[in-house]
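Asker: my_file30.cif is reproduced below (mmCIF, C-alpha atoms and all ligand atoms).
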data_coords
loop_
_atom_site.label_atom_id
_atom_site.label_comp_id
_atom_site.auth_asym_id
_atom_site.auth_seq_id
_atom_site.Cartn_x
_atom_site.Cartn_y
_atom_site.Cartn_z
CA MET A 1 160.58 88.78 99.50
CA ASN A 2 157.12 89.63 100.91
CA SER A 3 156.07 89.68 104.55
CA LEU A 4 154.63 86.14 104.39
CA GLN A 5 157.82 84.59 103.02
CA THR A 6 159.97 86.65 105.41
CA THR A 7 157.86 85.53 108.38
CA LEU A 8 157.98 81.88 107.32
CA GLN A 9 161.77 82.16 106.92
CA GLN A 10 161.99 83.62 110.44
CA GLU A 11 159.97 80.60 111.61
CA HIS A 12 162.75 78.44 110.12
CA LEU A 13 160.58 76.74 107.52
CA ALA A 14 162.62 75.03 104.79
CA PRO A 15 162.56 76.88 101.42
CA GLN A 16 160.65 74.02 99.77
CA LEU A 17 158.03 74.14 102.54
CA ILE A 18 157.71 77.93 102.19
CA ASP A 19 157.09 77.45 98.46
CA LEU A 20 154.40 74.87 99.23
CA VAL A 21 152.67 77.19 101.73
CA VAL A 22 152.79 80.06 99.20
CA THR A 23 151.25 77.76 96.56
CA LEU A 24 148.51 76.64 98.95
CA LEU A 25 147.67 80.23 99.92
CA ALA A 26 147.49 81.28 96.28
CA ILE A 27 144.69 78.72 95.92
CA THR A 28 142.85 80.22 98.91
CA ARG A 29 143.00 83.61 97.16
CA THR A 30 140.98 82.06 94.33
CA ILE A 31 138.55 80.52 96.84
CA SER A 32 138.20 83.93 98.51
CA GLU A 33 137.27 85.47 95.14
CA LYS A 34 134.67 82.76 94.47
CA VAL A 35 133.20 83.08 97.99
CA GLY A 36 133.05 86.84 97.50
CA MET A 37 130.98 86.50 94.32
CA GLY A 38 127.98 85.13 96.28
CA ALA A 39 124.89 84.80 94.09
CA LEU A 40 126.74 86.50 91.21
CA GLY A 41 128.96 83.45 90.86
CA ASP A 42 128.01 79.84 90.14
CA SER A 43 129.00 78.63 93.60
CA LEU A 44 125.94 78.82 95.87
CA GLY A 45 123.55 76.03 96.70
CA VAL A 46 123.92 72.32 97.29
CA THR A 47 124.80 69.33 95.16
CA SER A 48 123.02 65.99 95.22
CA GLU A 49 126.15 64.44 96.74
CA THR A 50 127.08 63.61 100.33
CA ASN A 51 130.68 63.38 101.48
CA VAL A 52 132.47 60.74 103.51
CA GLN A 53 131.21 62.55 106.61
CA GLY A 54 127.61 61.93 105.51
CA GLU A 55 127.12 65.68 104.99
CA VAL A 56 125.37 67.19 101.97
CA GLN A 57 128.06 68.80 99.84
CA LYS A 58 127.66 72.45 98.89
CA LYS A 59 128.77 73.49 95.41
CA LEU A 60 131.51 75.60 96.97
CA ASP A 61 132.72 72.61 99.01
CA ILE A 62 133.40 70.78 95.74
CA ILE A 63 134.88 73.84 94.00
CA ALA A 64 137.24 74.59 96.90
CA ASN A 65 138.25 70.95 97.26
CA ASN A 66 138.91 70.53 93.54
CA LEU A 67 140.96 73.73 93.40
CA LEU A 68 143.17 72.55 96.27
CA VAL A 69 143.49 68.94 95.06
CA ASN A 70 144.17 69.87 91.43
CA GLU A 71 146.78 72.54 92.21
CA LEU A 72 148.55 70.62 94.99
CA SER A 73 148.62 67.52 92.78
CA LYS A 74 150.99 69.43 90.49
CA ASN A 75 153.37 70.22 93.35
CA LYS A 76 156.45 67.97 93.33
CA SER A 77 157.05 68.45 97.07
CA VAL A 78 153.71 66.87 98.01
CA ARG A 79 153.69 63.12 98.59
CA ALA A 80 150.01 62.80 99.53
CA ILE A 81 146.86 64.80 100.23
CA ALA A 82 144.04 64.21 102.71
CA SER A 83 140.81 66.18 102.52
CA GLU A 84 137.57 66.24 104.48
CA GLU A 85 135.87 65.84 101.10
CA GLU A 86 137.91 62.81 99.98
CA GLN A 87 137.30 59.35 101.45
CA HIS A 88 140.87 58.22 100.83
CA THR A 89 144.25 59.92 100.63
CA ILE A 90 145.47 61.03 97.20
CA LEU A 91 149.00 60.00 96.19
CA VAL A 92 150.77 62.89 94.41
CA THR A 93 154.55 62.33 94.13
CA ALA A 94 156.16 59.19 95.53
CA GLY A 95 159.10 60.01 97.78
CA ALA A 96 158.23 63.72 98.06
CA PRO A 97 158.81 65.36 101.47
CA TYR A 98 155.40 66.70 102.54
CA LEU A 99 151.84 65.66 103.36
CA VAL A 100 148.99 68.19 103.16
CA ALA A 101 145.62 67.77 104.93
CA PHE A 102 142.77 70.26 104.75
CA ASP A 103 139.15 71.05 105.31
CA PRO A 104 138.61 72.96 102.06
CA LEU A 105 135.59 74.90 103.28
CA ASP A 106 134.90 74.70 107.00
CA GLY A 107 131.43 75.84 108.06
CA SER A 108 129.96 75.48 104.58
CA THR A 109 126.39 75.61 105.93
CA ASN A 110 127.17 79.33 106.31
CA ILE A 111 127.76 79.82 102.57
CA ASP A 112 124.19 80.56 101.55
CA ILE A 113 123.60 82.96 104.47
CA ASN A 114 126.71 85.06 103.73
CA ALA A 115 128.29 84.13 107.05
CA GLN A 116 131.92 83.31 107.77
CA ILE A 117 133.58 80.21 106.30
CA GLY A 118 137.19 79.22 105.88
CA THR A 119 139.88 76.83 104.71
CA ILE A 120 141.86 74.95 107.38
CA PHE A 121 145.16 73.25 106.51
CA THR A 122 148.08 71.42 108.07
CA ILE A 123 151.37 70.07 106.69
CA PHE A 124 153.38 67.10 107.98
CA ALA A 125 156.62 65.50 106.90
CA ALA A 126 155.97 62.37 104.85
CA ARG A 127 156.86 59.02 106.47
CA ASN A 128 159.37 56.63 104.98
CA ASP A 129 158.31 53.69 107.13
CA VAL A 130 154.94 53.16 105.42
CA ALA A 131 153.84 53.02 101.78
CA ASP A 132 153.48 56.38 100.01
CA ASP A 133 149.81 55.72 99.23
CA SER A 134 148.94 54.41 102.69
CA GLU A 135 146.61 56.39 104.96
CA GLU A 136 149.18 55.62 107.66
CA GLN A 137 151.26 58.45 106.20
CA PHE A 138 148.91 60.72 108.21
CA PHE A 139 148.90 58.58 111.36
CA GLN A 140 151.12 61.01 113.22
CA SER A 141 151.04 63.03 116.45
CA GLY A 142 149.68 66.58 116.45
CA HIS A 143 153.12 67.69 117.64
CA HIS A 144 154.57 66.58 114.28
CA GLN A 145 152.75 69.28 112.31
CA LEU A 146 155.33 71.40 110.45
CA CYS A 147 152.98 74.25 109.60
CA ALA A 148 149.24 74.81 110.11
CA GLY A 149 146.74 77.57 109.59
CA TYR A 150 143.41 78.77 108.31
CA VAL A 151 142.17 81.35 105.82
CA LEU A 152 138.95 83.00 107.05
CA TYR A 153 136.66 84.39 104.34
CA GLY A 154 134.90 87.15 106.26
CA PRO A 155 134.29 90.86 105.56
CA TYR A 156 138.01 90.73 104.89
CA THR A 157 140.15 87.65 104.32
CA THR A 158 142.59 86.76 107.08
CA LEU A 159 145.24 84.08 107.37
CA ALA A 160 146.41 82.73 110.71
CA ILE A 161 149.52 80.56 110.45
CA THR A 162 152.02 78.87 112.75
CA ALA A 163 154.99 76.53 112.72
CA GLY A 164 154.35 75.83 116.40
CA ARG A 165 156.37 78.60 118.06
CA ALA A 166 154.29 81.69 117.27
CA THR A 167 151.00 82.46 115.54
CA HIS A 168 150.85 85.27 112.99
CA GLU A 169 147.84 86.93 111.36
CA PHE A 170 147.95 88.24 107.80
CA THR A 171 145.30 90.20 105.91
CA LEU A 172 144.74 89.63 102.19
CA ASN A 173 145.22 92.70 100.01
CA LYS A 174 142.62 91.79 97.39
CA ILE A 175 144.10 94.27 94.92
CA SER A 176 147.70 93.06 94.98
CA GLY A 177 146.82 89.50 96.00
CA GLU A 178 149.41 89.65 98.80
CA PHE A 179 148.92 88.48 102.37
CA ILE A 180 150.13 91.39 104.54
CA LEU A 181 151.35 90.77 108.11
CA SER A 182 148.71 92.40 110.33
CA LYS A 183 149.27 90.81 113.75
CA PRO A 184 152.71 89.27 114.31
CA ASN A 185 153.12 86.96 117.31
CA MET A 186 149.44 86.87 118.33
CA ILE A 187 148.89 86.43 122.08
CA MET A 188 145.38 85.21 122.96
CA PRO A 189 143.82 87.53 125.62
CA ARG A 190 143.12 85.84 128.96
CA GLY A 191 140.22 86.30 131.34
CA THR A 192 137.57 86.88 128.64
CA CYS A 193 134.17 85.69 129.87
CA GLU A 194 132.92 84.22 126.59
CA PHE A 195 132.38 80.65 125.41
CA ALA A 196 131.47 79.09 122.08
CA ALA A 197 129.30 75.96 122.18
CA ASN A 198 126.23 74.72 120.36
CA MET A 199 123.83 75.05 123.31
CA SER A 200 121.14 73.02 121.49
CA ASN A 201 123.22 69.98 122.51
CA LEU A 202 123.10 70.91 126.22
CA PHE A 203 120.91 68.00 127.35
CA TYR A 204 123.04 65.51 125.43
CA TRP A 205 126.27 66.52 127.21
CA PRO A 206 127.63 64.71 130.29
CA ASN A 207 125.68 65.90 133.36
CA SER A 208 128.73 67.40 135.08
CA PHE A 209 129.45 69.47 131.99
CA GLN A 210 125.84 70.64 131.76
CA THR A 211 126.20 71.90 135.34
CA TYR A 212 129.48 73.65 134.54
CA ILE A 213 128.04 75.50 131.54
CA GLN A 214 124.86 76.46 133.45
CA GLN A 215 127.05 77.95 136.18
CA LEU A 216 128.81 80.10 133.56
CA ILE A 217 125.49 81.67 132.47
CA ALA A 218 123.65 81.64 135.83
CA LYS A 219 122.56 84.92 137.44
CA LYS A 220 125.50 86.15 139.49
CA VAL A 221 125.45 88.25 142.63
CA ASP A 222 129.15 88.77 142.25
CA GLY A 223 131.59 87.69 139.65
CA PRO A 224 131.24 87.80 135.85
CA ARG A 225 128.41 86.23 133.89
CA PHE A 226 129.53 84.64 130.62
CA ASN A 227 128.49 85.64 127.12
CA MET A 228 128.06 83.04 124.35
CA ARG A 229 128.92 83.19 120.65
CA TRP A 230 128.45 80.36 118.11
CA GLN A 231 129.29 80.98 114.43
CA GLY A 232 128.59 77.44 113.14
CA ALA A 233 132.11 77.51 111.70
CA MET A 234 135.07 76.47 113.87
CA VAL A 235 137.37 78.69 111.80
CA ALA A 236 135.32 81.79 112.73
CA ASP A 237 134.97 80.88 116.41
CA ILE A 238 138.67 80.08 116.79
CA HIS A 239 139.61 83.36 115.07
CA ARG A 240 137.46 85.21 117.62
CA ILE A 241 139.13 83.34 120.46
CA LEU A 242 142.63 84.05 119.13
CA THR A 243 141.61 87.70 118.79
CA ARG A 244 139.67 88.35 122.01
CA GLY A 245 139.94 85.22 124.16
CA GLY A 246 137.37 82.79 125.59
CA VAL A 247 136.93 79.09 124.98
CA PHE A 248 135.55 76.91 122.15
CA ILE A 249 133.92 73.64 123.20
CA TYR A 250 132.51 70.78 121.15
CA PRO A 251 132.39 67.93 123.71
CA SER A 252 131.19 64.41 123.10
CA ASP A 253 127.42 64.01 123.26
CA CYS A 254 124.89 61.21 123.22
CA ARG A 255 122.78 62.30 120.24
CA ASP A 256 124.21 59.53 118.03
CA SER A 257 126.00 56.61 119.70
CA ASN A 258 127.84 56.01 116.42
CA LYS A 259 129.16 59.56 116.39
CA PRO A 260 129.91 60.72 119.97
CA ALA A 261 132.15 63.54 118.71
CA LYS A 262 131.73 65.79 115.69
CA LEU A 263 134.96 67.60 114.86
CA ARG A 264 137.73 65.93 112.91
CA LEU A 265 141.14 65.48 114.49
CA LEU A 266 143.42 65.68 111.43
CA TYR A 267 142.20 68.79 109.61
CA GLU A 268 140.25 70.67 112.29
CA ALA A 269 141.48 69.93 115.82
CA PHE A 270 145.20 69.44 115.08
CA PRO A 271 145.74 72.75 113.20
CA MET A 272 143.56 74.77 115.58
CA ALA A 273 145.34 73.29 118.58
CA LEU A 274 148.76 74.23 117.13
CA LEU A 275 147.60 77.79 116.36
CA VAL A 276 146.01 78.43 119.78
CA GLU A 277 148.82 76.84 121.83
CA ALA A 278 151.40 78.90 119.91
CA ALA A 279 149.35 81.98 120.94
CA GLY A 280 149.42 81.01 124.63
CA GLY A 281 146.20 78.96 124.87
CA GLU A 282 145.43 75.32 125.57
CA ALA A 283 143.82 72.57 123.47
CA TYR A 284 142.34 69.41 124.98
CA SER A 285 140.08 66.58 123.97
CA GLU A 286 138.44 64.49 126.72
CA ALA A 287 141.47 62.20 126.63
CA GLY A 288 144.14 64.87 127.22
CA LYS A 289 146.15 67.27 125.07
CA ILE A 290 145.09 67.26 121.41
CA LEU A 291 148.66 67.75 120.17
CA SER A 292 149.79 64.64 122.08
CA THR A 293 147.20 62.55 120.26
CA THR A 294 148.28 60.32 117.37
CA LEU A 295 145.86 59.88 114.47
CA THR A 296 144.72 56.29 113.96
CA SER A 297 141.97 56.75 111.37
CA LEU A 298 141.96 59.35 108.58
CA HIS A 299 138.63 61.02 109.40
CA GLN A 300 138.51 60.25 113.11
CA ARG A 301 136.54 62.64 115.26
CA THR A 302 137.42 64.12 118.63
CA PRO A 303 135.87 66.20 121.38
CA VAL A 304 137.46 69.65 121.41
CA ILE A 305 138.09 72.19 124.20
CA ILE A 306 140.32 75.02 122.91
CA GLY A 307 141.15 78.52 124.18
CA ASP A 308 141.97 80.27 127.46
CA GLY A 309 143.89 77.79 129.62
CA GLU A 310 141.85 78.52 132.76
CA LEU A 311 138.55 77.93 130.95
CA VAL A 312 139.90 74.86 129.14
CA SER A 313 140.93 73.44 132.50
CA GLY A 314 137.48 74.16 134.00
CA CYS A 315 135.71 72.44 131.10
CA TYR A 316 138.15 69.52 131.09
CA GLN A 317 137.77 68.93 134.86
CA ALA A 318 133.96 69.13 134.53
CA LEU A 319 134.00 66.56 131.73
CA LEU A 320 136.27 64.25 133.75
CA ARG A 321 133.90 64.37 136.73
CA ASP A 322 131.16 62.50 134.87
P1 LIG A 401 126.94 72.31 114.61
C1 LIG A 401 131.16 72.84 110.61
O1 LIG A 401 130.32 71.83 110.04
C2 LIG A 401 131.82 72.22 111.83
O2 LIG A 401 132.59 71.12 111.44
C3 LIG A 401 132.65 73.26 112.55
O3 LIG A 401 133.26 74.16 111.69
C4 LIG A 401 131.64 73.94 113.46
O4 LIG A 401 132.22 74.51 114.62
C5 LIG A 401 130.70 72.79 113.82
O5 LIG A 401 130.81 71.82 112.77
C6 LIG A 401 129.26 73.25 113.91
O6 LIG A 401 128.52 72.15 114.39
O7 LIG A 401 126.57 71.06 115.39
O8 LIG A 401 126.71 73.58 115.39
O9 LIG A 401 126.35 72.38 113.23
#
Show me this structure written as structure tokens.

Answerer:
Amino acid sequence: MNSLQTTLQQEHLAPQLIDLVVTLLAITRTISEKVGMGALGDSLGVTSETNVQGEVQKKLDIIANNLLVNELSKNKSVRAIASEEEQHTILVTAGAPYLVAFDPLDGSTNIDINAQIGTIFTIFAARNDVADDSEEQFFQSGHHQLCAGYVLYGPYTTLAITAGRATHEFTLNKISGEFILSKPNMIMPRGTCEFAANMSNLFYWPNSFQTYIQQLIAKKVDGPRFNMRWQGAMVADIHRILTRGGVFIYPSDCRDSNKPAKLRLLYEAFPMALLVEAAGGEAYSEAGKILSTTLTSLHQRTPVIIGDGELVSGCYQALLRD
């Protein structure tokens, strides 16, 4: 029994769910190898396709998605799959116990510049009150996630995973292929004066929120001035926040009235919210707690404010004032 399986057992995951998580992570090992090949592999560059999100698909988006879909489609404990790269859900095994949703390669615009990218996943129990092949299988509350995590393909490959009670970090031993427990029971540091936001959207944010952010970076006679980091990949920014604190914000904006929010609830906000709250942080949209939200459309988008509770509260109150 390795440290990953032992940890998942200690988190009271059912044996069949542990097997599913181990299978999913084995696929991310392959993705990590392909990402690590860079120009020496056949994975860089773009395709001529756009996905359901209207985004140009990178070759590695397709490769990662196909690896996950093909392997998980062989797994008898998976009833259905949802992916950022698939318009509809994929029925795997009728009557099986679990649903898997993922963003196969979050932050894929970073691929060609050798910056951080990652795979984000979440697992729910399948529903027996709707058809197996219905999208409504995934229309569940964020609190109903059984297990969620991400695999970050950086200078080294890290896994962060939770069943909702604690968040654990593992580091991939690329020789043995094993995920080794590196930070059990992660506790997000508090009081860090750092925020992650795409500041190019500043003038499209609600006015009260613009004021709040400008106060964070204004010259200060006393009190801390805030630093800003923005990786262009939620998985990288959230890993920094879990590791050293701060807050990640992608609020609604008025750039495109058809798309007021950017990040997806099912396979970005839900898993990140479970991970950060299990590490002592908070996770809100502009309508309240992300985990209390119930999905009503497979690829629905949501504003996101995740991280240090005090900063999340400050951002949330500023957004409510408008
Ligand atoms: P922007 C990546 O496309 C993503 O979904 C998140 O991973 C990331 O935080 C955000 O979008 C980046 O958005 O507007 O800065 O390109």

Asker: Would you kindly return, as JSON, numbers by chain, each protein, DNA or RNA residue with an atom no farther than 8 Å from any atom of Pro206 in chain A, considering only C-alpha atoms and excluding same-chain residues fewer than 2 positions away?

Answerer: {"A": [204, 208, 209, 210, 253, 319, 322]}

Asker: Hey, what's within 9 Å of Ile241 in chain A if we count all atoms listed in the file and toss same-chain stuff fewer than 4 positions away? As an MDAnalysis selection string, please?

Answerer: chainID A and resid 188:189 194:196 236:237 245:248 276 306:308

Asker: Counting all atoms listed in the file, name the residues that have an atom within 9 Å of an atom of ligand LIG 401 (chain A); the answer should be given as a VMD selection string.

Answerer: chain A and resid 55 103 105 to 110 117 to 118 196 to 201 230 to 238 248 to 250 262 to 264 268

Asker: Please determine, counting only C-alpha atoms, which residue among A:Phe124, A:Glu33, A:Thr6, A:Arg229 has the shortest atom-to-atom distance to Ile175 in chain A.

Answerer: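 Checking each candidate against Ile175 in chain A, we get A:Glu33 as the closest.
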
Asker: Per residue of range 115-186 of chain A within 8 Å of range 16-32 of chain A, note the shortest atom pair and the distance in Å to one decimal, counting all atoms listed in the file, and order the rows by chain and increasing residue number, as CSV.

Answerer:
residue,atom,partner,partner_atom,distance
A:Thr119,CA,A:Thr28,CA,7.3
A:Val151,CA,A:Thr28,CA,7.0
A:Tyr153,CA,A:Ser32,CA,6.0
A:Thr157,CA,A:Ser32,CA,7.2
A:Gly177,CA,A:Arg29,CA,7.1

Asker: Using all atoms listed in the file, determine which residues lie at most 8 Å from Phe179 in chain A, disregarding the query and same-chain residues fewer than 5 positions distant; provide the list as a PyMOL selection string.

Answerer: chain A and resi 3-4+159+170-173

Asker: Next, the residues of the selection above should be written as a PDB file, in the coordinates of the input with C-alpha atoms.

Answerer:
ATOM      1  CA  SER A   3     156.070  89.680 104.550  1.00  0.00           C
ATOM      2  CA  LEU A   4     154.630  86.140 104.390  1.00  0.00           C
ATOM      3  CA  LEU A 159     145.240  84.080 107.370  1.00  0.00           C
ATOM      4  CA  PHE A 170     147.950  88.240 107.800  1.00  0.00           C
ATOM      5  CA  THR A 171     145.300  90.200 105.910  1.00  0.00           C
ATOM      6  CA  LEU A 172     144.740  89.630 102.190  1.00  0.00           C
ATOM      7  CA  ASN A 173     145.220  92.700 100.010  1.00  0.00           C
TER       8      ASN A 173
END

Asker: Given the choices A:Thr122, A:Ala131, A:Asp112, A:Leu295, which gets closest to Gly95 in chain A if the distance is worked out from all atoms listed in the file?

Answerer: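 The shortest atom-to-atom distance to Gly95 in chain A comes from A:Ala131.
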
Asker: Ranking A:Leu67, A:Leu60, A:Thr211, A:Leu291 by minimum distance to Thr47 in chain A and counting all atoms listed in the file, which one comes first?

Answerer: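 Using all atoms listed in the file, Thr47 in chain A sits closest to A:Leu60.
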
Asker: Could you please determine the separation between CA of Tyr267 in chain A and CA of Ala101 in chain A in Å, to one decimal place?

Answerer: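 Distance reported for this atom pair: 5.9 Å.
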
Asker: Please measure the separation of CA of Leu274 in chain A and CA of Leu202 in chain A, giving the value in Å to one decimal.

Answerer: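 Separating CA of Leu274 in chain A from CA of Leu202 in chain A is a distance of 27.4 Å.
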
Asker: From the options A:Pro260, A:Pro184, A:Gly191, A:Gly41, which residue's atoms come nearest to Glu11 in chain A, counting all atoms listed in the file?

Answerer: A:Pro184

Asker: CA of Gly149 in chain A to CA of Phe226 in chain A: how many Å, to one decimal?

Answerer: 28.1 Å

Asker: Show me as a PyMOL selection string the residues that reach within 10 Å of (144.8, 66.9, 126.2), counting all atoms listed in the file and using the file's own coordinates.

Answerer: chain A and resi 273+282-293+304-306+312-313+316
